[in-house]
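Worksheet: one structure, shown below.
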Amino acid sequence: IEDQLGSEPEPLSSEDLILSRDKTQYLSKKNGFLTFQNGKVCIMDYLVFDHDIGYADGNITFDGNIKISGSVHDNICITASGDVIISGFVEGANIVSGGDIIISGGINADGQGSLIAKNNITSAFIENAIVVAEGNIETGYILNSDITCEGKLTTKGKKSLICGGKVIAKDGMDVGTIGSRARIETYVEIGSGEDEIEEYNEIMQKINKINTEMSRIEHAMELMIQKLGAIDARQNDSYSKLSVSLNVYKEDLEKYNQELQAWNDKKLYRDRCL
């Protein structure tokens with residue numbers, strides 16, 4: 001077969017990419033999600049999911065904003081440098097945002113999920129969750145949750161209440177009802193130190209990072225078992241190293257979970273409302 005001189009490819013049409021000097025690669029002008037729209041290569045500030053997020057999707061980390069047109073199920077970690085916007089519900093998931101967190105359907109974390117935002121948090125309701133915001137929190141009502149708010153906490157709507165759990169709001173609260181006639185213990189404090197929020201953020205960031213690494217290692221080990229078989233895989237040096245790393249992460253996770261429990265047990269609350 002005789003060789004033929006090929007033609008030079010046409011440059012990619014994109015406002016978000018620049019061609020390197022040697023014309024061998026394209027470089028992105030900004031961080032984001034690479035996509036192809038209307039014949040052009042684009043770097044999107046938003047990572048968009050048009051479905052529920054569950055175990056099959058795994059943990060999500062993105063340098064930018066995340067939009068989810070669905071719900072987020074248990075045991076999912078979502079980390080974004082920008083906003084996290086969820087149109088559905090949130091179950092026992094851990095969500096960390098460098099911007100705002102907006103949850104249209106509300107959150108019921110069943111005591112195992114958390115929301116951490118650098119700015120504000122808005123949710124239809126908050127139940128059985130740990131919530132930390134360096135800005136304001138706005139919700140319909142709060143049930144049996146641990147809330148730390150550097151700004152102002154507001155409950156709106158027909159219920160407009162805080163019932164059960166522990167709530168701190170540094171810049172005050174606008175709440176219809178605190179506690180209930182059933183005498184459910186509800187602890188509230190107006191004003192708090194920034195050190196507690198920073199400590200909690202550090203613990204949760206470490207826990208989320210460990211969970212992400214453990215999921216990656218477990219996935220790699222499972223692939224080796226599928227490829228080599230269970231017996232041969234366990235005798236493989238790479239598998240052994242992964243197993244050792246996994247055990248180290250498990251020990252670290254136990255340590256940070258103990259620190260988190262200690263943080264929750266601290267006597268930070270001055271006022272008790274029944």
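Note on naming: chains are A, B, ... as they come in the structure tokens, residues start from 1 per chain, ligands start from 1 in the order shown.
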
Name all residues at most 7 Å from Glu150 in chain A (count only C-alpha atoms; drop same-chain ones fewer than 4 positions away) and give them as an NGL selection string.
:A and (133-136 or 169-171)

Please report, as a Markdown table, each residue of range 231-270 of chain A lying at most 12 Å from range 107-129 of chain A, together with the nearest pair of atoms and the separation in Å rounded to one decimal; use only C-alpha atoms, and order rows by chain and ascending residue number.
| residue | atom | partner | partner_atom | distance |
| --- | --- | --- | --- | --- |
| A:Asn257 | CA | A:Gln112 | CA | 11.5 |
| A:Leu260 | CA | A:Gln112 | CA | 11.8 |
| A:Gln261 | CA | A:Gln112 | CA | 11.9 |

Strand (DSSP E) positions in range 45-266 of chain A, given as an MDAnalysis selection string
chainID A and resid 46:49 60:62 65:68 77:80 84:86 94:97 101:103 107:108 114:117 121:123 126:127 130:133 137:139 142:149 153:155 161:169 173:174 177:178 186:190

Can you list, as a PyMOL selection string, every protein, DNA or RNA residue that comes within 12 Å of Asp45 in chain A when you count only C-alpha atoms, leaving out same-chain residues fewer than 3 positions away?
chain A and resi 16+29-35+42+48+62-67+80-84

Using only C-alpha atoms, find the one residue out of A:Ile68, A:Ile78, A:Ile101, A:Gly106 that sits nearest to Lys209 in chain A.
A:Ile78

Write out as a PyMOL selection string all residues of range 115-268 of chain A that DSSP puts in helix (DSSP H, G or I) for this structure's backbone.
chain A and resi 194-228+230-234+237-265

Write out as a list in words each polymer residue whose atoms come within 9 Å of Val167 in chain A, counting only C-alpha atoms; drop sequence neighbours fewer than 6 positions from it.
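Counting only C-alpha atoms, the residues come to Ser145, Asp146, Ile147, Thr148, Cys149, Thr186, Tyr187, Val188, Glu189, Ile190 and Tyr269 of chain A.
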
Skip Gly140 in chain A itself and residues of its chain fewer than 4 positions away, then list as a VMD selection string all residues within 7 Å of it, counting only C-alpha atoms.
chain A and resid 124 to 125 155 to 157 159 to 160

What is the distance between CA of Ser7 in chain A and CA of Val41 in chain A, in Å to one decimal?
21.4 Å

Shell of 12 Å around Asp237 in chain A, only C-alpha atoms, local chain residues under 6 positions omitted, as a list of chain:residue names:
A:Met221, A:Met224, A:Ser243, A:Val244

For the residues in that selection, give me N, CA and C atoms as an mmCIF file, in the first residue's frame.
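Output contents, as saved in out.cif:
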data_model
loop_
_atom_site.group_PDB
_atom_site.id
_atom_site.type_symbol
_atom_site.label_atom_id
_atom_site.label_comp_id
_atom_site.auth_asym_id
_atom_site.auth_seq_id
_atom_site.Cartn_x
_atom_site.Cartn_y
_atom_site.Cartn_z
ATOM 1 N N MET A 221 -9.247 -3.487 43.565
ATOM 2 C CA MET A 221 -9.122 -4.863 44.048
ATOM 3 C C MET A 221 -10.169 -5.774 43.404
ATOM 4 N N MET A 224 -9.107 -6.678 39.916
ATOM 5 C CA MET A 224 -8.058 -7.697 39.893
ATOM 6 C C MET A 224 -8.631 -9.092 40.139
ATOM 7 N N SER A 243 -4.399 -3.977 49.640
ATOM 8 C CA SER A 243 -5.054 -4.441 50.864
ATOM 9 C C SER A 243 -4.467 -3.754 52.094
ATOM 10 N N VAL A 244 -3.141 -3.600 52.114
ATOM 11 C CA VAL A 244 -2.490 -2.909 53.232
ATOM 12 C C VAL A 244 -2.948 -1.459 53.299
#

Contacts of Asn211 in chain A at 10 Å or less, counting only C-alpha atoms, minus same-chain residues fewer than 3 places along, as a ChimeraX atom specification?
/A:59,75-77,205-208,214-217,249-250,253

For Gly88 in chain A, which of A:Ser20, A:Ser71, A:Asn236, A:Ser180 is the closest residue, counting only C-alpha atoms?
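Nearest candidate to Gly88 in chain A out of A:Ser20, A:Ser71, A:Asn236, A:Ser180: A:Ser71.
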
Between A:Tyr256, A:Leu19, A:Ser97, A:Ala220, single out the one closest to Ser240 in chain A, counting only C-alpha atoms.
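Using only C-alpha atoms, Ser240 in chain A sits closest to A:Ala220.
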